[in-house]
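Trainee: This is the content of input.txt (compact mmCIF, C-alpha atoms):
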```
# COMPACT_ATOMS: atom_id res chain seq x y z
CA MET A 1 -109.26 65.81 95.80
CA SER A 2 -112.84 65.51 97.02
CA HIS A 3 -116.02 66.35 95.21
CA ASP A 4 -119.59 66.93 96.30
CA SER A 5 -121.93 64.20 95.19
CA THR A 6 -124.48 64.87 92.53
CA ALA A 7 -127.68 62.93 92.14
CA ALA A 8 -127.69 60.18 89.55
CA PRO A 9 -129.75 60.82 86.40
CA GLU A 10 -132.36 58.26 87.36
CA ALA A 11 -132.70 59.88 90.81
CA VAL A 12 -133.07 63.36 89.29
CA ALA A 13 -135.95 62.17 87.11
CA ARG A 14 -137.90 60.85 90.11
CA LYS A 15 -140.43 63.23 91.62
CA LEU A 16 -142.11 63.31 94.99
CA SER A 17 -145.70 62.17 95.10
CA GLY A 18 -148.24 64.92 95.68
CA ARG A 19 -148.64 64.32 99.41
CA ARG A 20 -144.90 64.52 100.17
CA ARG A 21 -143.02 67.75 100.79
CA LYS A 22 -139.32 68.30 100.16
CA GLU A 23 -138.84 70.32 103.34
CA ILE A 24 -140.30 67.62 105.61
CA VAL A 25 -137.75 65.25 107.18
CA ALA A 26 -138.97 62.13 108.98
CA VAL A 27 -136.60 60.47 111.46
CA LEU A 28 -137.36 56.82 112.12
CA LEU A 29 -136.43 55.67 115.63
CA PHE A 30 -136.38 52.18 117.11
CA SER A 31 -136.10 50.86 120.63
CA GLY A 32 -132.54 50.03 121.67
CA GLY A 33 -131.03 52.66 119.41
CA PRO A 34 -128.02 54.75 120.48
CA ILE A 35 -128.94 58.22 121.70
CA PHE A 36 -126.05 60.01 119.96
CA GLU A 37 -126.83 58.83 116.43
CA SER A 38 -130.54 59.35 117.05
CA SER A 39 -129.96 62.95 118.09
CA ILE A 40 -127.91 63.93 115.00
CA PRO A 41 -130.78 64.40 112.52
CA LEU A 42 -132.92 65.90 115.28
CA SER A 43 -130.27 68.56 115.90
CA VAL A 44 -129.63 69.27 112.22
CA PHE A 45 -133.18 69.27 110.89
CA GLY A 46 -135.31 69.92 113.99
CA ILE A 47 -134.07 73.30 115.24
CA ASP A 48 -135.03 76.62 113.69
CA ARG A 49 -131.79 78.41 112.75
CA GLN A 50 -133.18 80.83 110.20
CA ASP A 51 -131.54 83.67 112.13
CA ALA A 52 -128.18 82.16 111.08
CA GLY A 53 -129.19 81.85 107.45
CA VAL A 54 -130.13 78.17 107.58
CA PRO A 55 -133.42 77.38 105.80
CA ARG A 56 -135.89 75.62 108.04
CA TYR A 57 -136.89 71.99 107.71
CA ARG A 58 -140.01 70.49 109.21
CA LEU A 59 -139.12 67.52 111.41
CA LEU A 60 -141.33 64.51 112.10
CA VAL A 61 -139.99 62.06 114.69
CA CYS A 62 -141.56 58.67 113.99
CA GLY A 63 -141.54 55.49 116.02
CA GLY A 64 -140.62 52.46 113.92
CA GLU A 65 -142.36 50.20 116.45
CA ASP A 66 -144.60 50.46 119.48
CA GLY A 67 -143.22 52.59 122.31
CA PRO A 68 -141.91 53.58 124.65
CA LEU A 69 -138.56 53.44 122.86
CA ARG A 70 -135.58 52.74 125.10
CA THR A 71 -132.14 54.04 124.16
CA THR A 72 -128.81 52.36 124.85
CA GLY A 73 -128.42 54.53 127.95
CA GLY A 74 -131.72 53.35 129.43
CA LEU A 75 -133.67 56.50 128.58
CA GLU A 76 -137.27 56.10 127.45
CA LEU A 77 -138.52 58.09 124.48
CA SER A 78 -142.02 58.61 123.19
CA ALA A 79 -142.13 59.42 119.49
CA PRO A 80 -144.86 61.94 118.62
CA HIS A 81 -145.63 60.22 115.32
CA GLY A 82 -146.00 56.70 114.02
CA LEU A 83 -145.11 55.15 110.69
CA GLU A 84 -148.05 56.84 108.98
CA ALA A 85 -146.29 60.23 109.23
CA ILE A 86 -143.54 59.02 106.89
CA SER A 87 -146.02 59.38 104.04
CA ARG A 88 -145.60 63.18 104.21
CA ALA A 89 -141.80 63.30 104.18
CA GLY A 90 -139.51 64.12 101.28
CA THR A 91 -136.55 62.75 103.25
CA VAL A 92 -136.58 59.78 105.62
CA VAL A 93 -133.61 59.24 107.96
CA VAL A 94 -132.86 56.01 109.80
CA PRO A 95 -130.15 57.08 112.29
CA ALA A 96 -129.32 53.63 113.65
CA TRP A 97 -130.51 50.08 114.18
CA ARG A 98 -130.19 48.30 117.50
CA SER A 99 -128.67 45.05 116.30
CA ILE A 100 -126.92 44.00 113.12
CA THR A 101 -128.00 40.41 113.78
CA SER A 102 -131.78 40.90 114.08
CA PRO A 103 -134.23 41.87 111.33
CA PRO A 104 -136.06 45.23 111.52
CA PRO A 105 -139.87 45.24 111.82
CA GLU A 106 -141.52 44.44 108.51
CA GLU A 107 -143.98 47.33 108.89
CA ALA A 108 -141.09 49.78 109.02
CA LEU A 109 -139.44 48.18 105.99
CA ASP A 110 -142.69 48.46 104.05
CA ALA A 111 -142.94 52.15 104.95
CA LEU A 112 -139.39 52.76 103.72
CA ARG A 113 -140.02 50.92 100.45
CA ARG A 114 -143.20 52.89 99.87
CA ALA A 115 -141.46 56.19 100.63
CA HIS A 116 -138.72 55.38 98.15
CA GLU A 117 -141.21 54.39 95.47
CA GLU A 118 -142.95 57.74 95.97
CA GLY A 119 -139.71 59.67 95.38
CA ALA A 120 -138.51 60.29 98.94
CA ARG A 121 -134.79 60.51 99.69
CA ILE A 122 -133.80 57.67 102.07
CA VAL A 123 -130.86 58.10 104.46
CA GLY A 124 -129.17 55.53 106.68
CA LEU A 125 -126.68 56.71 109.31
CA CYS A 126 -124.19 54.20 110.71
CA THR A 127 -126.03 50.90 111.36
CA GLY A 128 -129.15 52.40 109.81
CA ALA A 129 -127.65 51.06 106.58
CA PHE A 130 -128.67 47.58 107.76
CA VAL A 131 -132.31 48.71 107.81
CA LEU A 132 -132.04 50.10 104.29
CA ALA A 133 -130.37 46.89 103.14
CA ALA A 134 -133.09 44.77 104.75
CA ALA A 135 -135.68 46.81 102.85
CA GLY A 136 -133.84 46.04 99.60
CA LEU A 137 -133.06 49.71 98.97
CA LEU A 138 -129.29 49.13 98.72
CA ASP A 139 -129.41 46.25 96.24
CA GLY A 140 -126.92 46.93 93.45
CA ARG A 141 -125.92 50.23 95.02
CA PRO A 142 -122.75 51.59 96.66
CA ALA A 143 -123.08 52.09 100.41
CA THR A 144 -121.06 52.44 103.57
CA THR A 145 -121.45 51.91 107.30
CA HIS A 146 -119.17 51.89 110.31
CA TRP A 147 -115.90 50.17 109.32
CA MET A 148 -116.30 47.59 112.06
CA TYR A 149 -119.59 46.37 110.60
CA ALA A 150 -118.77 46.70 106.91
CA PRO A 151 -117.70 43.02 106.58
CA THR A 152 -120.97 41.90 108.16
CA LEU A 153 -123.03 44.13 105.86
CA ALA A 154 -121.15 42.80 102.83
CA LYS A 155 -121.60 39.21 103.95
CA ARG A 156 -125.28 39.47 104.87
CA TYR A 157 -126.27 41.49 101.81
CA PRO A 158 -123.93 40.41 98.98
CA SER A 159 -125.77 42.51 96.39
CA VAL A 160 -124.76 45.69 98.23
CA HIS A 161 -121.44 47.23 97.14
CA VAL A 162 -120.02 48.06 100.56
CA ASP A 163 -117.12 50.50 100.78
CA PRO A 164 -115.85 50.90 104.37
CA ARG A 165 -113.37 53.62 103.37
CA GLU A 166 -115.95 56.37 102.96
CA LEU A 167 -117.37 58.78 105.52
CA PHE A 168 -120.58 58.78 103.51
CA VAL A 169 -121.91 57.69 100.14
CA ASP A 170 -124.44 59.73 98.15
CA ASP A 171 -126.09 57.59 95.49
CA GLY A 172 -128.72 60.16 94.59
CA ASP A 173 -131.94 59.11 96.31
CA VAL A 174 -130.32 56.71 98.80
CA LEU A 175 -127.51 57.88 101.10
CA THR A 176 -125.51 56.12 103.82
CA SER A 177 -122.83 57.17 106.30
CA ALA A 178 -120.21 55.71 108.59
CA GLY A 179 -120.47 55.80 112.37
CA THR A 180 -121.31 58.60 114.78
CA ALA A 181 -119.66 61.85 113.62
CA ALA A 182 -119.92 60.81 109.97
CA GLY A 183 -123.67 61.14 110.42
CA ILE A 184 -123.10 64.87 110.96
CA ASP A 185 -121.01 64.96 107.78
CA LEU A 186 -123.82 63.41 105.78
CA CYS A 187 -126.53 65.65 107.27
CA LEU A 188 -124.43 68.72 106.45
CA HIS A 189 -123.99 67.35 102.95
CA ILE A 190 -127.78 67.09 102.62
CA VAL A 191 -128.18 70.72 103.70
CA ARG A 192 -125.45 71.71 101.22
CA THR A 193 -127.20 69.78 98.45
CA ASP A 194 -130.57 71.37 99.25
CA HIS A 195 -129.53 74.95 100.02
CA GLY A 196 -125.89 75.49 99.04
CA ASN A 197 -122.51 75.95 100.67
CA GLU A 198 -123.40 79.11 102.57
CA ALA A 199 -126.28 77.48 104.42
CA ALA A 200 -124.23 74.37 105.22
CA GLY A 201 -121.34 76.53 106.42
CA ALA A 202 -123.62 78.55 108.69
CA LEU A 203 -125.04 75.37 110.18
CA ALA A 204 -121.55 73.91 110.68
CA ARG A 205 -120.53 77.04 112.60
CA ARG A 206 -123.56 76.68 114.87
CA LEU A 207 -122.69 73.03 115.49
CA VAL A 208 -118.98 73.90 115.92
CA VAL A 209 -117.88 71.30 113.40
CA PRO A 210 -115.97 71.51 110.11
CA PRO A 211 -118.26 72.18 107.14
CA ARG A 212 -116.36 69.48 105.23
CA ARG A 213 -114.06 66.82 106.61
CA THR A 214 -111.35 65.49 104.36
CA GLY A 215 -110.39 61.83 104.29
CA GLY A 216 -112.38 58.73 104.99
CA GLN A 217 -112.50 55.90 107.51
CA GLU A 218 -109.10 54.45 106.56
CA ARG A 219 -107.33 56.06 109.49
CA TYR A 220 -109.75 54.46 111.95
CA LEU A 221 -109.70 50.93 110.51
CA ASP A 222 -108.81 48.24 113.01
CA ARG A 223 -108.29 44.51 112.72
CA SER A 224 -111.85 43.66 113.69
CA LEU A 225 -113.78 41.01 111.83
CA PRO A 226 -117.46 40.06 111.93
CA GLU A 227 -118.59 38.79 115.31
CA GLU A 228 -119.66 35.48 113.76
CA ILE A 229 -116.11 34.48 112.92
CA GLY A 230 -115.24 34.01 116.59
CA ALA A 231 -116.97 30.65 116.71
CA ASP A 232 -115.66 29.45 113.34
CA PRO A 233 -112.63 27.16 112.93
CA LEU A 234 -111.06 29.77 110.65
CA ALA A 235 -110.76 32.12 113.65
CA GLU A 236 -107.59 30.30 114.73
CA VAL A 237 -106.03 30.77 111.29
CA VAL A 238 -106.97 34.47 111.28
CA ALA A 239 -105.44 34.93 114.75
CA TRP A 240 -102.24 33.20 113.59
CA ALA A 241 -102.03 35.49 110.55
CA LEU A 242 -102.41 38.61 112.68
CA GLU A 243 -99.68 37.43 115.05
CA HIS A 244 -97.24 36.70 112.19
CA LEU A 245 -97.70 39.67 109.88
CA HIS A 246 -93.97 40.37 110.21
CA GLU A 247 -93.28 37.08 108.42
CA GLN A 248 -93.59 36.47 104.70
CA PHE A 249 -96.41 34.05 103.99
CA ASP A 250 -99.23 33.86 101.47
CA VAL A 251 -102.81 32.64 101.29
CA GLU A 252 -101.64 29.12 100.40
CA THR A 253 -99.97 29.06 103.82
CA LEU A 254 -103.22 30.03 105.50
CA ALA A 255 -105.18 27.47 103.50
CA ALA A 256 -102.71 24.74 104.53
CA ARG A 257 -103.09 25.73 108.20
CA ALA A 258 -106.85 25.41 107.78
CA TYR A 259 -106.40 22.01 106.07
CA MET A 260 -108.27 23.27 103.00
CA SER A 261 -107.56 23.67 99.34
CA ARG A 262 -106.93 27.24 98.19
CA ARG A 263 -110.25 27.35 96.38
CA THR A 264 -112.21 26.06 99.38
CA PHE A 265 -110.36 28.41 101.73
CA ASP A 266 -111.06 31.41 99.50
CA ARG A 267 -114.74 30.57 99.33
CA ARG A 268 -115.04 29.92 103.07
CA PHE A 269 -113.10 33.05 104.05
CA ARG A 270 -115.17 35.26 101.76
CA SER A 271 -118.44 33.83 103.10
CA LEU A 272 -117.34 34.71 106.64
CA THR A 273 -115.86 38.15 106.07
CA GLY A 274 -117.16 39.47 102.75
CA SER A 275 -113.52 39.79 101.69
CA ALA A 276 -111.07 37.81 99.59
CA PRO A 277 -108.32 36.41 101.86
CA LEU A 278 -105.46 37.88 99.84
CA GLN A 279 -106.97 41.33 99.94
CA TRP A 280 -107.65 41.01 103.67
CA LEU A 281 -104.03 40.03 104.24
CA ILE A 282 -102.75 43.00 102.22
CA THR A 283 -105.03 45.34 104.16
CA GLN A 284 -103.72 44.02 107.50
CA ARG A 285 -100.12 44.48 106.39
CA VAL A 286 -100.83 48.07 105.36
CA LEU A 287 -102.52 48.73 108.72
CA GLN A 288 -99.48 47.33 110.51
CA ALA A 289 -97.23 49.56 108.40
CA GLN A 290 -99.42 52.53 109.26
CA ARG A 291 -98.96 51.87 112.98
CA LEU A 292 -95.20 51.42 112.67
CA LEU A 293 -94.89 54.69 110.77
CA GLU A 294 -96.80 56.39 113.58
CA THR A 295 -95.09 54.74 116.55
CA SER A 296 -91.50 54.01 115.52
CA ASP A 297 -88.45 55.50 113.82
CA TYR A 298 -87.92 52.56 111.47
CA SER A 299 -87.07 53.50 107.91
CA VAL A 300 -89.63 52.75 105.21
CA ASP A 301 -87.50 49.82 104.08
CA GLU A 302 -87.45 48.42 107.62
CA VAL A 303 -91.20 48.93 107.98
CA ALA A 304 -91.77 46.97 104.77
CA GLY A 305 -89.74 44.05 106.12
CA ARG A 306 -91.46 44.09 109.50
CA CYS A 307 -94.90 43.99 107.85
CA GLY A 308 -94.19 41.02 105.60
CA PHE A 309 -93.89 42.90 102.32
CA ARG A 310 -91.35 41.39 99.95
CA SER A 311 -89.94 44.81 99.05
CA PRO A 312 -90.35 48.50 99.91
CA VAL A 313 -91.78 48.98 96.42
CA ALA A 314 -94.66 46.62 97.26
CA LEU A 315 -95.33 48.50 100.50
CA ARG A 316 -95.36 51.87 98.74
CA GLY A 317 -97.77 50.70 96.05
CA HIS A 318 -100.29 49.12 98.40
CA PHE A 319 -99.97 51.93 100.95
CA ARG A 320 -100.69 54.61 98.36
CA ARG A 321 -103.66 52.70 96.92
CA GLN A 322 -105.26 52.23 100.34
CA LEU A 323 -104.40 55.52 102.06
CA GLY A 324 -103.77 57.89 99.16
CA SER A 325 -100.29 58.81 100.38
CA SER A 326 -96.75 57.50 100.30
CA PRO A 327 -95.41 56.02 103.58
CA ALA A 328 -92.90 58.85 103.96
CA ALA A 329 -95.51 61.56 103.35
CA TYR A 330 -97.93 59.83 105.72
CA ARG A 331 -95.32 59.80 108.52
CA ALA A 332 -94.37 63.44 107.92
CA ALA A 333 -98.00 64.59 107.96
CA TYR A 334 -98.77 62.54 111.06
CA ARG A 335 -95.82 63.96 113.00
CA ALA A 336 -96.59 67.51 111.89
CA ARG A 337 -100.01 67.16 113.52
CA ARG A 338 -98.88 65.70 116.83
CA PRO A 339 -98.39 67.88 119.91
CA GLN A 340 -94.84 69.22 120.20
CA GLY A 341 -92.51 67.12 122.29
CA GLU A 342 -94.43 63.90 121.78
CA ARG A 343 -92.07 61.23 120.50
CA PRO A 344 -92.90 57.90 118.88
CA GLN A 345 -92.67 54.99 121.26
CA GLU A 346 -92.41 51.42 120.18
CA THR A 347 -95.03 49.13 121.55
CA GLU A 348 -95.07 45.39 121.70
CA ALA A 349 -97.50 45.38 118.79
CA SER A 350 -95.32 47.69 116.68
CA GLN A 351 -92.39 45.32 117.07
CA GLY A 352 -94.34 42.32 115.91
CA GLY A 353 -93.90 40.70 119.31
CA PRO A 354 -96.25 38.44 121.22
CA GLY A 355 -99.81 39.49 120.83
CA ALA A 356 -99.01 41.83 117.95
CA GLY A 357 -102.11 42.47 115.93
CA VAL A 358 -104.40 40.24 117.97
CA PRO A 359 -107.90 41.70 118.14
CA SER A 360 -108.21 43.48 121.46
CA GLY A 361 -111.85 42.87 122.19
CA HIS A 362 -115.11 44.13 120.84
CA PRO A 363 -115.65 47.89 121.04
CA GLY A 364 -118.86 48.69 122.83
CA HIS A 365 -120.79 50.49 120.13
CA PRO A 366 -120.20 50.88 116.42
CA GLY A 367 -120.03 54.62 116.78
CA GLN A 368 -117.39 54.45 119.50
CA PRO A 369 -114.59 52.15 118.37
CA GLY A 370 -111.58 51.69 120.60
CA GLN A 371 -108.55 53.24 118.99
CA PRO A 372 -105.52 50.97 118.58
CA PRO A 373 -102.09 52.07 119.74
CA GLY A 374 -100.74 54.76 117.48
CA SER A 375 -104.02 55.39 115.67
CA LEU A 376 -104.67 58.90 114.48
CA HIS A 377 -106.54 61.30 116.67
CA PRO A 378 -109.62 62.58 114.80
CA GLU A 379 -108.52 66.16 115.40
CA HIS A 380 -105.20 65.51 113.65
CA PRO A 381 -106.18 63.73 110.46
CA VAL A 382 -103.78 62.96 107.66
CA PRO A 383 -105.21 64.35 104.40
CA ILE A 384 -106.15 61.43 102.17
CA GLN A 385 -108.53 61.05 99.30
CA SER A 386 -112.06 61.79 100.40
CA ARG A 387 -115.53 60.46 99.96
CA ARG A 388 -117.15 58.92 96.92
CA THR A 389 -118.34 61.12 94.09
CA ALA A 390 -121.73 60.29 92.64
CA ALA A 391 -123.11 59.75 89.15
CA ALA A 392 -122.26 63.06 87.53
CA SER A 393 -118.54 62.56 88.16
CA ALA A 394 -118.51 58.97 86.94
CA ILE A 395 -117.10 59.88 83.54
CA GLY A 396 -113.49 58.86 83.46
CA SER A 397 -113.73 56.60 86.50
CA PRO A 398 -111.71 53.40 86.13
CA PRO A 399 -113.66 50.18 85.67
CA ALA A 400 -114.22 48.11 88.79
CA LEU A 401 -111.79 45.28 89.27
CA SER A 402 -112.40 41.58 89.38
CA ALA A 403 -111.74 39.82 92.66
CA SER A 404 -108.35 38.58 91.47
CA ALA A 405 -107.31 41.95 90.10
CA ALA A 406 -108.39 43.66 93.31
CA SER A 407 -106.24 41.26 95.25
CA ASP A 408 -103.28 41.99 93.03
CA ASN A 409 -103.33 45.76 93.37
CA GLY A 410 -104.45 46.18 96.95
CA ARG A 411 -107.92 47.63 96.50
CA GLU A 412 -110.15 47.60 99.55
CA ALA A 413 -111.37 44.19 100.56
CA TYR A 414 -115.08 44.62 100.88
CA ILE A 415 -115.96 45.91 97.40
CA SER A 416 -117.67 43.16 95.48
CA PRO A 417 -116.68 42.49 91.85
CA ARG A 418 -119.05 44.51 89.68
CA ALA A 419 -119.35 46.70 86.65
CA SER A 420 -118.21 50.30 86.92
CA LEU A 421 -120.43 52.17 89.34
CA PRO A 422 -121.55 55.79 89.14
CA GLY A 423 -119.25 57.87 91.30
CA GLN A 424 -116.74 55.17 92.08
CA ARG A 425 -113.74 56.79 93.73
CA SER A 426 -110.65 56.89 91.59
CA ALA A 427 -107.71 54.89 92.85
CA THR A 428 -105.27 57.52 91.62
```
Could you render the structure as C-alpha cells?
Mentor:
Amino acid sequence: MSHDSTAAPEAVARKLSGRRRKEIVAVLLFSGGPIFESSIPLSVFGIDRQDAGVPRYRLLVCGGEDGPLRTTGGLELSAPHGLEAISRAGTVVVPAWRSITSPPPEEALDALRRAHEEGARIVGLCTGAFVLAAAGLLDGRPATTHWMYAPTLAKRYPSVHVDPRELFVDDGDVLTSAGTAAGIDLCLHIVRTDHGNEAAGALARRLVVPPRRTGGQERYLDRSLPEEIGADPLAEVVAWALEHLHEQFDVETLAARAYMSRRTFDRRFRSLTGSAPLQWLITQRVLQAQRLLETSDYSVDEVAGRCGFRSPVALRGHFRRQLGSSPAAYRAAYRARRPQGERPQETEASQGGPGAGVPSGHPGHPGQPGQPPGSLHPEHPVPIQSRRTAAASAIGSPPALSASAASDNGREAYISPRASLPGQRSAT
C-alpha cells in the first residue's frame, strides 16, 4: 500500500521569507545537463494549463553558471535568469547535474543553502540529488537518486540515508527522485501536495502519464556498481561473485579470495560501494532469482538452488523483503502482463553459464539504463510496495536495523545504520 507524503513537523513550521512566493518555481540549470530531465520541471510548472483546472505556477529558469549552457545533445541554452532570481522562489528544482564525480559551483550551492534557510522547498531530480548533497541539504535525511548512482551517492556522502528502491522521497522541505520518468512522478506529487488530487490528475491527463505510479526502482535494478570500483583490486572478486551466484558461498569466501580478513574486507567493500558485502550478495541473488522467474520455467525450489540460496524458504523471505511479493506471485503477475504468445526463453545468464551476471557495460546516461535480459518493461510493472511515506506516517514504523541485522534479513544494501527515520517504509 502506498501513501502520499506529508511534510515533517519541522518543515511545516518553517515559513517563506517575505520576498519569496509559494507559486514561484525556480529551475536551476547547468551546462552539460541532460535535456530530458531539464525539460521535466519546465513542462510541469512552466505552461499555463488553467483551462484544464491546473493552478498556474510562475517559472523562473536560472543558470547555475555562466552561459551559454550546453546540453548532452549539443544544444545551447541561454537561461533568462541568473542565481539572483532564486531569491524569489518558494520552490527550487535542480533537475540534474552533469557529473557525479565533479563538484557543483560554490555560488550555486550557496544560493541553494540560502533558499533553504529562507523556507524554500528544495527539489533534486535524478543526479540533482548530488547537488543537494554537496550543499549539505541531505545530511541526516532520507533521499534517493537513480539506482545506478545510489552506491556512489551513499559512498560520497555517508551522512545521507540513500534508498535506491524509491521512485521519489518527500522529506518535507527537501525532495529527491530517481531517474528520468521518476522526475515526472515527483513533480506531479508536488502539484498534488500544493493543489490536491484533482489538479494533479488533470495535469497527468495532459501529460498522458499515470497520476500515480505504483512500485519503486526494484524492478529496474541491475548489477552495476560505482564506476570507481573498476580500477580497484576488489573488482576481480566482485566479478567472480557475479559469475558464481549459482554456487553456495559466503562473504568469508570472498574475503579469502581478496586475501583479506573478514573485517578488513567488510570495511573495504563498504567504502567502495556504500553497502555491506553480505547485503550486496543477498541483493544480487534476489536479482538473479527475479530474472529466472521471468525467463525460465524452473520451479521456485529450482530457482532457489540456481541462485545460491540454501533453501527455498530463504529465497522466499529475502525475495518478499526486497520486492514485496512472493516468488510465485511475482512470476504470475509478470506473465499476466506480458503480450500473449510470448514464452519465457532461457538465456545463458539465466542458466548461470559463462558470463552470467557479469556487468554488461556502463549505460550511457543515468536516466536511460540498459535493461538486462528478462527485466520488466515499464509499461507492465509488477505491483510492489511503493514510495516512502513521510513524517506524519512514521508512527508505527519499525526501527531501522543495524548493519548486521540488515544483512541477516535482506534489507536493501545502501541504507546506512541509523535511528528510525520519519516516513521509513515498512518492510511488511
Trainee: Could you check which residues have any atom within 12 Å of (-138.4, 52.1, 93.9), counting only C-alpha atoms with coordinates taken straight from the file, and then list them as a ChimeraX atom specification?
Mentor: /A:10-11,14-16,110-122,135-139,173-174
Trainee: Show me the residues close to (-124.8, 76.0, 107.8) - anything with an atom within 8 Å, counting all atoms listed in the file - and format the list as a ChimeraX atom specification.
Mentor: /A:52-54,188,191-192,197-206,211
Trainee: Ranking A:Ser296, A:Ser17, A:Ser311, A:Thr193 by minimum distance to Arg88 (chain A) and counting only C-alpha atoms, which one comes first?
Mentor: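 The shortest atom-to-atom distance to Arg88 (chain A) comes from A:Ser17.
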Trainee: Nearest to Ala256 (chain A): which of A:Leu234, A:Leu287, A:Ala276, A:Val27 is it, counting all atoms listed in the file?
Mentor: A:Leu234
Trainee: Sorted by chain and rising residue number, which residues of region 236-295 of chain A lie within 9 Å of region 313-322 of chain A, and what are their closest atom pairs and distances in Å to one decimal, counting all atoms listed in the file, as a tab-separated table?
Mentor:
```
residue	atom	partner	partner_atom	distance
A:Ile282	CA	A:His318	CA	7.6
A:Thr283	CA	A:Gln322	CA	7.9
A:Arg285	CA	A:Leu315	CA	8.6
A:Val286	CA	A:Phe319	CA	5.9
A:Leu287	CA	A:Phe319	CA	8.8
A:Ala289	CA	A:Leu315	CA	8.2
A:Gln290	CA	A:Phe319	CA	8.3
```
Trainee: How far is it from CA of Gly82 (chain A) to CA of Arg21 (chain A), in Å with one decimal?
Mentor: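 So the two atoms, CA of Gly82 (chain A) and CA of Arg21 (chain A), lie 17.5 Å apart.
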Trainee: Could you tell me which of A:Ile86, A:Leu75, A:Ala26, A:Ala96 comes closest to Ser38 (chain A) if we count all atoms listed in the file?
Mentor: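 For Ser38 (chain A), the nearest of the candidates is A:Ala96.
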Trainee: Just the number, please: distance in Å from CA of Ala129 (chain A) to CA of His195 (chain A), one decimal.
Mentor: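 So the answer is 24.8 Å.
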